[in-house]
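Chemist: Sharing query30.txt here; it has compact mmCIF, C-alpha atoms.
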# COMPACT_ATOMS: atom_id res chain seq x y z
CA MET G 1 36.21 -27.69 17.88
CA ASN G 2 33.31 -28.10 20.29
CA ARG G 3 30.46 -29.26 18.04
CA LYS G 4 27.91 -29.81 20.80
CA PRO G 5 24.60 -28.01 20.13
CA LEU G 6 23.87 -24.80 21.97
CA THR G 7 22.11 -25.42 25.29
CA LEU G 8 19.46 -23.38 27.07
CA ARG G 9 22.21 -22.08 29.37
CA ASP G 10 24.21 -20.89 26.34
CA TYR G 11 21.22 -19.05 24.88
CA LEU G 12 20.42 -17.48 28.26
CA LEU G 13 24.01 -16.36 28.72
CA MET G 14 24.05 -14.80 25.24
CA SER G 15 20.74 -13.01 25.87
CA LEU G 16 21.68 -11.71 29.32
CA ILE G 17 25.07 -10.47 28.12
CA ALA G 18 23.37 -8.80 25.14
CA VAL G 19 21.15 -6.88 27.58
CA VAL G 20 24.15 -5.79 29.69
CA PHE G 21 25.87 -4.44 26.58
CA GLY G 22 22.58 -2.88 25.50
CA ILE G 23 22.75 -0.80 28.70
CA VAL G 24 26.37 0.16 28.06
CA PHE G 25 25.53 0.99 24.47
CA LEU G 26 22.76 3.30 25.67
CA LEU G 27 25.45 5.33 27.44
CA ALA G 28 27.37 5.37 24.18
CA VAL G 29 24.26 6.57 22.34
CA TYR G 30 23.98 9.56 24.71
CA ALA G 31 27.68 10.33 24.34
CA GLY G 32 27.42 9.90 20.56
CA ALA G 33 24.39 12.22 20.41
CA ALA G 34 26.31 14.89 22.32
CA LEU G 35 29.30 14.53 19.99
CA THR G 36 27.03 14.61 16.93
CA THR G 37 25.50 17.86 18.22
CA VAL G 38 28.90 19.48 18.41
CA LEU G 39 30.04 18.17 15.01
CA THR G 40 26.85 18.70 12.92
CA PRO G 41 27.36 22.42 12.11
CA LEU G 42 30.82 21.49 10.75
CA GLY G 43 29.28 18.79 8.55
CA LEU G 44 31.04 16.10 10.59
CA GLY G 45 27.99 14.84 12.49
CA VAL G 46 28.27 11.40 10.82
CA LEU G 47 31.41 10.81 12.89
CA GLY G 48 29.58 11.33 16.21
CA TYR G 49 28.79 7.69 16.95
CA GLU G 50 31.92 6.17 15.41
CA PRO G 51 34.17 6.33 18.54
CA PHE G 52 31.72 4.02 20.33
CA TYR G 53 31.18 1.49 17.55
CA GLY G 54 33.50 -1.13 19.06
CA ILE G 55 31.23 -1.52 22.11
CA TRP G 56 28.62 -3.16 19.89
CA TYR G 57 30.95 -6.01 18.91
CA MET G 58 31.94 -6.72 22.53
CA ALA G 59 28.99 -8.97 23.41
CA ALA G 60 29.76 -11.31 20.49
CA ILE G 61 33.46 -11.61 21.29
CA ILE G 62 32.84 -12.19 25.02
CA THR G 63 30.22 -14.90 24.47
CA THR G 64 32.43 -16.58 21.84
CA TYR G 65 35.22 -16.67 24.43
CA LEU G 66 32.92 -17.91 27.21
CA ILE G 67 30.94 -20.55 25.31
CA ARG G 68 33.55 -21.65 22.73
CA LYS G 69 31.18 -23.13 20.16
CA PRO G 70 30.69 -22.21 16.48
CA ILE G 71 28.22 -19.44 15.48
CA VAL G 72 27.93 -18.14 19.06
CA GLY G 73 29.11 -14.68 17.92
CA ILE G 74 26.48 -14.50 15.18
CA VAL G 75 23.67 -15.79 17.41
CA THR G 76 24.62 -13.31 20.17
CA GLU G 77 24.52 -10.37 17.76
CA VAL G 78 21.15 -11.49 16.35
CA ILE G 79 19.73 -11.95 19.87
CA ALA G 80 21.04 -8.50 20.84
CA ALA G 81 19.38 -7.03 17.75
CA LEU G 82 16.09 -8.78 18.47
CA ILE G 83 16.12 -7.49 22.04
CA GLU G 84 16.79 -3.99 20.69
CA VAL G 85 13.87 -4.31 18.28
CA LEU G 86 11.60 -5.50 21.09
CA LEU G 87 12.65 -2.50 23.16
CA GLY G 88 11.83 -0.15 20.22
CA ASN G 89 15.05 0.45 18.25
CA MET G 90 14.53 3.20 15.67
CA PHE G 91 16.11 1.27 12.80
CA GLY G 92 13.89 -1.75 13.44
CA VAL G 93 14.45 -4.72 11.22
CA MET G 94 17.60 -3.30 9.61
CA VAL G 95 19.51 -3.89 12.84
CA LEU G 96 18.98 -7.62 12.30
CA ILE G 97 21.06 -7.47 9.12
CA SER G 98 23.67 -5.23 10.77
CA ALA G 99 23.85 -7.68 13.68
CA PHE G 100 24.27 -10.69 11.43
CA ILE G 101 27.08 -8.99 9.49
CA GLN G 102 28.85 -7.87 12.68
CA GLY G 103 28.50 -11.39 14.09
CA VAL G 104 30.05 -12.90 10.97
CA GLY G 105 32.87 -10.34 11.21
CA VAL G 106 33.61 -11.24 14.84
CA GLU G 107 33.36 -14.95 14.14
CA ILE G 108 35.67 -15.30 11.09
CA PRO G 109 39.08 -15.19 12.89
CA PHE G 110 37.88 -17.61 15.59
CA ALA G 111 36.52 -19.98 12.93
CA LEU G 112 39.87 -19.88 11.12
CA THR G 113 41.58 -21.08 14.31
CA LYS G 114 38.82 -23.72 14.74
CA TYR G 115 37.82 -21.98 17.97
CA LYS G 116 41.05 -23.02 19.68
CA ASN G 117 42.97 -19.75 19.89
CA TYR G 118 41.71 -16.88 22.06
CA SER G 119 44.82 -14.71 22.07
CA TYR G 120 45.06 -10.93 21.59
CA LYS G 121 46.07 -11.57 17.98
CA VAL G 122 42.75 -13.28 17.24
CA THR G 123 40.62 -10.75 19.16
CA MET G 124 42.34 -7.88 17.31
CA LEU G 125 41.77 -9.65 13.97
CA SER G 126 38.18 -10.16 15.01
CA ALA G 127 37.85 -6.41 15.65
CA LEU G 128 39.38 -5.73 12.23
CA SER G 129 37.13 -8.12 10.30
CA ALA G 130 34.01 -6.88 12.14
CA THR G 131 34.96 -3.31 11.27
CA ILE G 132 35.53 -4.11 7.58
CA LEU G 133 32.25 -6.00 7.15
CA SER G 134 30.19 -3.47 9.11
CA PHE G 135 31.85 -0.63 7.15
CA ILE G 136 30.80 -2.21 3.84
CA TRP G 137 27.26 -2.65 5.13
CA THR G 138 26.87 0.88 6.56
CA GLY G 139 28.49 2.17 3.38
CA PHE G 140 25.67 0.62 1.38
CA ARG G 141 23.00 1.74 3.87
CA SER G 142 24.21 5.32 4.25
CA ASN G 143 25.55 5.67 0.69
CA TYR G 144 29.17 6.57 1.46
CA LEU G 145 29.71 7.09 -2.29
CA ALA G 146 27.91 10.41 -1.94
CA MET G 147 30.40 11.64 0.67
CA ASP G 148 33.87 13.10 0.33
CA TRP G 149 36.48 10.29 0.52
CA ARG G 150 38.23 11.96 3.45
CA ILE G 151 35.03 11.72 5.55
CA VAL G 152 34.61 8.07 4.55
CA LEU G 153 38.25 7.37 5.47
CA ALA G 154 37.74 9.12 8.83
CA ILE G 155 34.66 6.94 9.49
CA PHE G 156 36.69 3.79 8.82
CA VAL G 157 39.74 4.80 10.85
CA ILE G 158 37.76 5.97 13.91
CA ARG G 159 35.59 2.85 13.81
CA LEU G 160 38.64 0.62 13.52
CA LEU G 161 40.38 2.30 16.46
CA SER G 162 37.21 1.98 18.53
CA ALA G 163 36.89 -1.72 17.62
CA LEU G 164 40.56 -2.45 18.36
CA PHE G 165 40.24 -0.82 21.78
CA PHE G 166 36.80 -2.01 22.92
CA THR G 167 36.52 -5.30 21.03
CA GLY G 168 40.11 -6.39 20.69
CA TYR G 169 41.51 -5.14 23.99
CA VAL G 170 38.83 -4.43 26.66
CA SER G 171 36.80 -7.57 25.83
CA LYS G 172 39.92 -9.73 26.06
CA VAL G 173 40.91 -8.16 29.40
CA ILE G 174 37.43 -8.86 30.84
CA CYS G 175 37.48 -12.47 29.54
CA ASP G 176 40.96 -13.13 30.95
CA LYS G 177 39.86 -11.77 34.33
CA LEU G 178 36.82 -14.07 34.25
CA ASP G 179 39.11 -16.98 33.47
CA ASP G 180 41.42 -16.04 36.35
CA ALA G 181 38.43 -15.71 38.67
CA GLY G 182 37.53 -19.32 37.85
CA VAL G 183 33.93 -18.66 36.84
CA LEU G 184 34.26 -20.18 33.36
CA ASN G 185 33.24 -23.79 33.05
CA HIS G 186 33.89 -24.48 29.38
CA ASN G 187 35.80 -27.61 28.47
CA LEU G 188 38.98 -25.83 27.49
CA LYS G 189 40.99 -23.73 29.93
CA ALA G 190 41.68 -20.41 28.26
CA SER G 191 45.26 -20.45 29.52
CA GLU G 192 45.79 -23.67 27.56
CA ALA G 193 44.22 -22.22 24.46
CA ILE G 194 46.27 -19.05 24.31
CA ASP G 195 49.15 -19.86 22.03
CA MET U 1 -3.80 -2.31 9.42
CA ILE U 2 -0.12 -3.01 10.05
CA ASP U 3 -0.83 -4.28 13.59
CA SER U 4 -2.57 -7.39 12.26
CA ILE U 5 0.21 -8.42 9.85
CA ASN U 6 2.01 -11.62 10.85
CA PRO U 7 5.35 -10.55 12.45
CA THR U 8 7.46 -12.91 10.28
CA ALA U 9 5.75 -11.65 7.10
CA LYS U 10 6.21 -8.08 8.34
CA THR U 11 9.90 -8.76 9.03
CA VAL U 12 10.49 -10.20 5.55
CA GLY U 13 8.47 -7.46 3.81
CA ILE U 14 10.15 -4.55 5.60
CA LEU U 15 13.58 -6.21 5.37
CA LEU U 16 13.32 -6.66 1.58
CA GLY U 17 11.77 -3.22 1.22
CA SER U 18 14.66 -1.66 3.14
CA LEU U 19 17.23 -3.49 0.99
CA ILE U 20 15.54 -2.27 -2.21
CA LEU U 21 15.35 1.24 -0.75
CA GLY U 22 19.13 0.99 -0.26
CA LEU U 23 19.51 0.64 -4.05
CA THR U 24 17.65 3.88 -4.79
CA PHE U 25 19.24 7.30 -4.44
CA GLN U 26 16.42 9.86 -4.89
CA TRP U 27 15.13 12.12 -2.15
CA GLU U 28 11.61 11.94 -3.67
CA VAL U 29 11.52 8.16 -3.08
CA ASN U 30 12.89 8.60 0.44
CA LEU U 31 10.27 11.18 1.37
CA THR U 32 7.47 9.03 -0.08
CA ILE U 33 8.65 6.07 2.01
CA THR U 34 8.92 8.33 5.06
CA LEU U 35 5.30 9.36 4.50
CA LEU U 36 4.28 5.71 4.09
CA GLY U 37 6.04 4.88 7.36
CA LEU U 38 4.21 7.75 9.08
CA ILE U 39 0.89 6.42 7.78
CA PHE U 40 1.74 2.95 9.12
CA VAL U 41 2.60 4.33 12.55
CA THR U 42 -0.28 6.80 12.88
CA THR U 43 -2.86 4.18 11.89
CA SER U 44 -1.45 1.68 14.40
CA LYS U 45 -3.11 1.25 17.78
CA ARG U 46 0.13 0.00 19.29
CA ALA U 47 2.32 3.02 18.55
CA ALA U 48 1.84 5.52 21.37
CA PRO U 49 2.24 9.14 20.14
CA GLU U 50 4.54 10.06 23.07
CA ARG U 51 6.82 7.15 22.29
CA LEU U 52 6.84 8.06 18.60
CA LEU U 53 7.83 11.64 19.41
CA LYS U 54 10.56 10.43 21.76
CA ILE U 55 12.05 8.27 19.00
CA MET U 56 11.60 10.85 16.25
CA VAL U 57 13.84 13.45 17.94
CA PRO U 58 17.13 11.49 17.64
CA ILE U 59 16.15 10.33 14.14
CA LEU U 60 15.63 13.89 12.95
CA PHE U 61 18.93 14.76 14.54
CA VAL U 62 20.82 11.99 12.73
CA SER U 63 19.04 12.91 9.51
CA ILE U 64 20.10 16.56 9.86
CA SER U 65 23.71 15.52 10.56
CA TYR U 66 23.75 13.43 7.35
CA PHE U 67 22.19 16.34 5.45
CA PHE U 68 25.00 18.65 6.54
CA THR U 69 27.69 16.07 5.73
CA GLY U 70 26.20 15.48 2.26
CA TRP U 71 25.91 19.23 1.71
CA ILE U 72 29.34 20.28 2.94
CA PHE U 73 31.33 17.17 1.96
CA SER U 74 29.85 15.93 -1.33
CA SER U 75 31.84 13.40 -3.33
CA GLU U 76 32.64 14.20 -6.96
CA GLN U 77 30.64 11.16 -8.02
CA ALA U 78 27.57 12.42 -6.16
CA LEU U 79 27.87 15.81 -7.89
CA PHE U 80 28.24 14.09 -11.25
CA SER U 81 25.16 11.93 -10.73
CA SER U 82 23.08 14.88 -9.55
CA SER U 83 24.16 16.87 -12.64
CA GLN U 84 22.50 14.18 -14.78
CA THR U 85 19.13 15.26 -13.48
CA ASP U 86 17.47 18.39 -14.78
CA LEU U 87 16.22 19.83 -11.54
CA ILE U 88 18.98 21.95 -10.10
CA LEU U 89 21.39 24.75 -10.63
CA PRO U 90 25.09 23.86 -10.29
CA SER U 91 25.23 25.67 -6.95
CA GLY U 92 22.36 23.54 -5.60
CA ARG U 93 23.94 20.14 -6.34
CA ASP U 94 25.56 19.90 -2.93
CA LEU U 95 22.23 20.75 -1.35
CA ILE U 96 20.46 17.97 -3.28
CA ASN U 97 23.21 15.55 -2.26
CA GLY U 98 22.60 16.53 1.38
CA LEU U 99 18.87 16.12 0.89
CA ASN U 100 19.40 12.66 -0.62
CA LEU U 101 21.53 11.52 2.32
CA GLY U 102 19.41 13.10 5.06
CA SER U 103 16.11 11.81 3.65
CA ARG U 104 17.64 8.34 3.13
CA VAL U 105 18.33 8.00 6.86
CA LEU U 106 14.82 9.27 7.61
CA ALA U 107 13.22 6.74 5.22
CA PHE U 108 15.15 3.79 6.71
CA ALA U 109 14.25 4.96 10.20
CA MET U 110 10.54 5.36 9.39
CA LEU U 111 10.41 1.82 7.99
CA GLY U 112 12.23 0.68 11.15
CA ILE U 113 9.85 2.53 13.48
CA SER U 114 6.80 1.23 11.67
CA TYR U 115 8.19 -2.25 12.39
CA SER U 116 9.36 -1.94 15.98
CA LEU U 117 6.50 0.21 17.33
CA THR U 118 3.73 -1.84 15.75
CA THR U 119 4.99 -5.34 16.60
CA ASP U 120 4.07 -7.08 19.82
CA SER U 121 7.11 -8.76 21.40
CA LYS U 122 5.28 -11.97 22.37
CA GLU U 123 3.76 -12.31 18.90
CA LEU U 124 7.13 -11.65 17.25
CA ILE U 125 8.95 -14.39 19.14
CA ALA U 126 6.01 -16.81 18.82
CA SER U 127 5.87 -16.15 15.08
CA PHE U 128 9.65 -16.59 14.68
CA ILE U 129 9.42 -19.92 16.54
CA GLN U 130 6.39 -21.12 14.56
CA GLN U 131 7.01 -19.68 11.09
CA ALA U 132 10.77 -18.97 10.92
CA ARG U 133 11.89 -22.10 12.83
CA MET U 134 13.72 -20.21 15.56
CA PRO U 135 14.86 -22.69 18.27
CA MET U 136 12.46 -22.71 21.23
CA LYS U 137 15.42 -22.25 23.62
CA MET U 138 16.53 -19.11 21.81
CA GLY U 139 13.02 -17.63 21.82
CA TYR U 140 12.51 -18.18 25.53
CA ALA U 141 16.03 -16.96 26.35
CA ILE U 142 15.17 -13.70 24.57
CA PHE U 143 11.88 -13.45 26.50
CA THR U 144 13.76 -14.01 29.75
CA ALA U 145 16.35 -11.35 28.96
CA VAL U 146 13.73 -8.81 27.89
CA ASN U 147 11.76 -9.39 31.10
CA LEU U 148 14.92 -9.07 33.19
CA THR U 149 16.11 -5.85 31.49
CA SER U 150 15.08 -3.51 34.34
CA LEU U 151 16.59 -5.86 36.93
CA ILE U 152 19.87 -6.10 34.97
CA ARG U 153 19.95 -2.30 34.71
CA ARG U 154 19.52 -2.02 38.50
CA GLU U 155 22.25 -4.63 39.09
CA TYR U 156 24.59 -2.68 36.81
CA ASP U 157 23.96 0.52 38.81
CA ASN U 158 24.47 -1.45 42.05
CA SER U 159 27.78 -2.86 40.85
CA LYS U 160 28.97 0.68 40.08
CA LEU U 161 27.80 1.85 43.51
CA ALA U 162 29.54 -1.09 45.18
CA LEU U 163 32.83 0.02 43.64
CA GLN U 164 32.27 3.66 44.54
CA VAL U 165 31.56 2.92 48.24
CA ARG U 166 34.94 1.20 48.33
CA ASN U 167 36.43 4.44 47.00
CA ILE U 168 37.19 2.89 43.62
CA PRO U 169 36.48 5.49 40.91
CA VAL U 170 34.19 4.34 38.06
CA LYS U 171 34.51 6.11 34.70
CA PRO U 172 31.62 6.10 32.15
CA PHE U 173 32.99 3.18 30.08
CA ASP U 174 34.91 1.42 32.85
CA SER U 175 35.43 -2.35 32.53
CA LYS U 176 35.25 -2.99 36.32
CA PRO U 177 31.43 -2.94 36.68
CA LEU U 178 31.23 -4.83 33.37
CA PHE U 179 33.39 -7.59 34.85
CA THR U 180 31.10 -7.82 37.88
CA MET U 181 28.08 -8.01 35.57
CA MET U 182 29.68 -10.74 33.44
CA VAL U 183 30.21 -12.89 36.58
CA ARG U 184 26.58 -12.29 37.59
CA MET U 185 25.25 -13.11 34.12
CA ILE U 186 27.21 -16.40 34.04
CA ARG U 187 25.71 -17.34 37.42
CA TRP U 188 22.22 -16.20 36.43
CA SER U 189 22.29 -18.16 33.17
CA GLU U 190 23.21 -21.34 35.05
CA ARG U 191 20.51 -20.88 37.68
CA LEU U 192 17.81 -19.78 35.22
CA SER U 193 18.45 -22.73 32.90
CA LEU U 194 18.30 -25.12 35.86
CA ALA U 195 15.05 -23.52 37.04
CA MET U 196 13.48 -23.62 33.56
CA GLU U 197 14.49 -27.21 32.88
CA SER U 198 13.31 -28.34 36.30
CA LYS U 199 9.90 -26.88 35.37
CA GLY U 200 9.87 -29.14 32.30
CA PHE U 201 11.06 -26.71 29.63
CA ASN U 202 12.05 -28.45 26.38
CA GLU U 203 12.00 -28.07 22.58
CA ASP U 204 8.63 -29.85 22.30
CA ARG U 205 6.87 -27.23 24.36
CA VAL U 206 3.43 -26.31 23.02
CA MET U 207 2.77 -22.58 22.71
CA GLN U 208 -0.56 -21.14 23.77
CA LEU U 209 -0.15 -18.28 21.29
CA LYS U 210 -0.73 -19.60 17.77
CA MET U 211 0.42 -17.38 14.91
CA THR U 212 -1.02 -17.92 11.44
CA VAL U 213 -0.17 -16.58 7.99
CA LYS U 214 -3.17 -15.02 6.21
CA PRO U 215 -3.41 -13.93 2.53
CA MET U 216 -3.11 -10.28 3.67
CA ASP U 217 0.29 -11.12 5.23
CA ILE U 218 1.55 -12.48 1.91
CA VAL U 219 0.23 -9.38 0.11
CA PHE U 220 2.15 -7.16 2.54
CA MET U 221 5.32 -9.28 2.40
CA VAL U 222 5.45 -9.21 -1.42
CA GLY U 223 3.65 -5.92 -2.05
CA LEU U 224 5.81 -3.57 0.03
CA PRO U 225 9.15 -4.46 -1.65
CA ILE U 226 7.49 -4.30 -5.09
CA ALA U 227 5.94 -0.91 -4.29
CA ILE U 228 9.31 0.47 -3.19
CA ALA U 229 10.99 -0.96 -6.30
CA LEU U 230 8.34 0.65 -8.53
CA LEU U 231 8.76 3.98 -6.77
CA GLY U 232 12.54 3.85 -7.04
CA PHE U 233 13.02 2.51 -10.54
CA VAL U 234 9.85 3.42 -12.46
CA VAL U 235 7.96 6.36 -10.94
CA PHE U 236 10.83 8.71 -9.96
Could I get this file's structure written as structure tokens?
Modeler:
Amino acid sequence: MNRKPLTLRDYLLMSLIAVVFGIVFLLAVYAGAALTTVLTPLGLGVLGYEPFYGIWYMAAIITTYLIRKPIVGIVTEVIAALIEVLLGNMFGVMVLISAFIQGVGVEIPFALTKYKNYSYKVTMLSALSATILSFIWTGFRSNYLAMDWRIVLAIFVIRLLSALFFTGYVSKVICDKLDDAGVLNHNLKASEAID
Amino acid sequence: MIDSINPTAKTVGILLGSLILGLTFQWEVNLTITLLGLIFVTTSKRAAPERLLKIMVPILFVSISYFFTGWIFSSEQALFSSSQTDLILPSGRDLINGLNLGSRVLAFAMLGISYSLTTDSKELIASFIQQARMPMKMGYAIFTAVNLTSLIRREYDNSKLALQVRNIPVKPFDSKPLFTMMVRMIRWSERLSLAMESKGFNEDRVMQLKMTVKPMDIVFMVGLPIAIALLGFVVF
């Protein structure tokens, strides 16, 4: 495990990547709003943003892959949340807690491998653990106990599928391409780390 | 009044208040907190009315969607708990459940807005560095990213255009422009850190902006969560 402290370059990379994903997430917000509009009269409006949930874990998984140091995933999510707050996010300070929980979720599988394994298996597990933790948190925040269990199940399943695709698959594809392009300068070659 | 509260104290107060609000399940509490949030925002000199309106539209929309879900798809437990109160007819229980859920989202959002629209970004980061012990590097990295947001947005559009001029189709959530942006961000982070360090940036940097904690900040930090707890568990 790389125990060196985070450098200014690491923090800058996390912040810049958080902004890039903030832009992508804005697209998802528009798409989610449109979907919510269609689903609200049916009482299914709460599902509108769920297909895009996985995009929000992508920044953490990509920076963890790029920097390969402990707590990078958590710090990235918190930085992303702070940037959102500074740009006027409607849920304000609550996004800091959401971000911390999502960061922990992304981080757990990497921590269990001591930040040595960056295979699809670990990124998919990361997507799963981020989904479970964020589901528990949003369940508390939005009081899922007051909703029909089938709606709550639909929220979980759609969010999980979104996370597996965006976080587990797309993020890994982007990171592998970056590795192939030779732009990564971390100590460990990703090809050596994968299995 | 809320403008002058120390950002770290405001963060802790609203954070704890929001967590306590999460433990209450009455629409009366939610609407009272929504009103409180509105008072915070309307008395603030920093919250521009146009910006408030722009943010309120999606919030109302999300709130309405939760109202419909709570109304149409109530859980049995929610119906049971609403039947313990003496305010509704059996046919109105679903409606009250919807009201509880919809107003809950609204209350969280109003607390959130009264935080994000009334907090100055420079003061927030300075306060986190000085009062919450945030690393200097992290604070300045966030400043850098916030200041580069419009440039990053333009670069993202350019990377999509660059693909399109080569006749490569770009779908809304395509990973190709994202890949280009990741390469750029890696390069930018290296160059920016070199530039900042060559200008003498380090952890011992002295900040011109000094943030202090006043008695009023402590009153807000402790008072808001207590007020919400009283509303949720004693008054209603």
Chemist: Looking at only C-alpha atoms, which of G:Tyr120, G:Phe110, G:Tyr115, G:Trp149 is the one that sits closest to chain U?
Modeler: G:Trp149
Chemist: Box for segment 127-135 of chain G - axis-aligned, 8 Å on each of the six sides, all listed atoms - centre and size in Å to one decimal, as JSON.
Modeler:
{"center_x": 34.8, "center_y": -4.4, "center_z": 11.4, "size_x": 25.2, "size_y": 23.5, "size_z": 24.5}
Chemist: May I ask which of the residues G:Thr40, G:Ser15, G:Asn89, G:Ser129 is the closest one to Thr144 of chain U, counting all atoms listed in the file?
Modeler: G:Ser15
Chemist: Rank U:Asp3, U:Asp204, U:Asp217, U:Asp157 by their smallest atom-to-atom distance to chain G, using only C-alpha atoms, and report the top residue only.
Modeler: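 Nearest candidate to chain G out of U:Asp3, U:Asp204, U:Asp217, U:Asp157: U:Asp157.
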Chemist: Can you tell me, as a list of chain:residue names, what residues are no more than 10 Å from Thr24 of chain U when counting all atoms listed in the file, ignoring any on the same chain fewer than 4 positions away?
Modeler: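 With the cut-off at 10 Å, the set is G:Asn143, U:Leu19, U:Ile20, U:Val29, U:Asn30, U:Asn100, U:Arg104, U:Ile228, U:Ala229, U:Leu231, U:Gly232, U:Phe233, U:Phe236.
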Chemist: Near chain U, which residues of chain G fall within 8 Å when you count only C-alpha atoms, and what do they look like as a ChimeraX atom specification?
Modeler: /G:7-13,15-17,19-20,23-24,27,33,36,40-46,79,82-83,85-94,140-143,145-149,151,170,174,177-178,183
Chemist: Only N, CA, C and O atoms, please: segment 62-75 of chain G from the block, as a short mmCIF file (atom, residue, chain, number, x, y, z; two decimals), in the first residue's frame.
Modeler:
data_model
loop_
_atom_site.label_atom_id
_atom_site.label_comp_id
_atom_site.auth_asym_id
_atom_site.auth_seq_id
_atom_site.Cartn_x
_atom_site.Cartn_y
_atom_site.Cartn_z
N ILE G 62 -12.32 6.59 -10.35
CA ILE G 62 -11.25 6.95 -11.30
C ILE G 62 -10.04 7.53 -10.56
O ILE G 62 -8.90 7.15 -10.82
N THR G 63 -10.29 8.41 -9.60
CA THR G 63 -9.14 8.98 -8.87
C THR G 63 -8.45 7.92 -8.01
O THR G 63 -7.23 7.95 -7.86
N THR G 64 -9.23 6.99 -7.45
CA THR G 64 -8.61 5.91 -6.66
C THR G 64 -7.68 5.09 -7.56
O THR G 64 -6.56 4.74 -7.18
N TYR G 65 -8.12 4.83 -8.79
CA TYR G 65 -7.32 4.08 -9.76
C TYR G 65 -6.07 4.87 -10.16
O TYR G 65 -4.98 4.33 -10.28
N LEU G 66 -6.25 6.18 -10.37
CA LEU G 66 -5.14 7.01 -10.87
C LEU G 66 -4.09 7.28 -9.79
O LEU G 66 -2.91 7.23 -10.04
N ILE G 67 -4.56 7.57 -8.56
CA ILE G 67 -3.63 8.02 -7.51
C ILE G 67 -3.12 6.85 -6.67
O ILE G 67 -1.99 6.85 -6.21
N ARG G 68 -3.97 5.87 -6.44
CA ARG G 68 -3.59 4.63 -5.73
C ARG G 68 -3.05 4.87 -4.31
O ARG G 68 -1.97 4.36 -3.96
N LYS G 69 -3.75 5.69 -3.57
CA LYS G 69 -3.42 5.92 -2.16
C LYS G 69 -4.71 5.78 -1.35
O LYS G 69 -5.80 6.04 -1.88
N PRO G 70 -4.59 5.43 -0.06
CA PRO G 70 -5.81 5.30 0.76
C PRO G 70 -6.57 6.62 0.88
O PRO G 70 -5.96 7.69 0.78
N ILE G 71 -7.84 6.52 1.11
CA ILE G 71 -8.86 7.58 1.30
C ILE G 71 -9.03 8.55 0.11
O ILE G 71 -9.77 9.53 0.22
N VAL G 72 -8.41 8.24 -1.02
CA VAL G 72 -8.56 9.12 -2.18
C VAL G 72 -10.03 9.18 -2.63
O VAL G 72 -10.55 10.26 -2.95
N GLY G 73 -10.71 8.03 -2.60
CA GLY G 73 -12.12 7.98 -3.01
C GLY G 73 -12.99 8.87 -2.13
O GLY G 73 -13.83 9.63 -2.63
N ILE G 74 -12.75 8.81 -0.83
CA ILE G 74 -13.55 9.61 0.11
C ILE G 74 -13.26 11.09 -0.10
O ILE G 74 -14.17 11.91 -0.21
N VAL G 75 -11.96 11.43 -0.19
CA VAL G 75 -11.58 12.84 -0.35
C VAL G 75 -12.16 13.40 -1.66
O VAL G 75 -12.68 14.51 -1.70
#
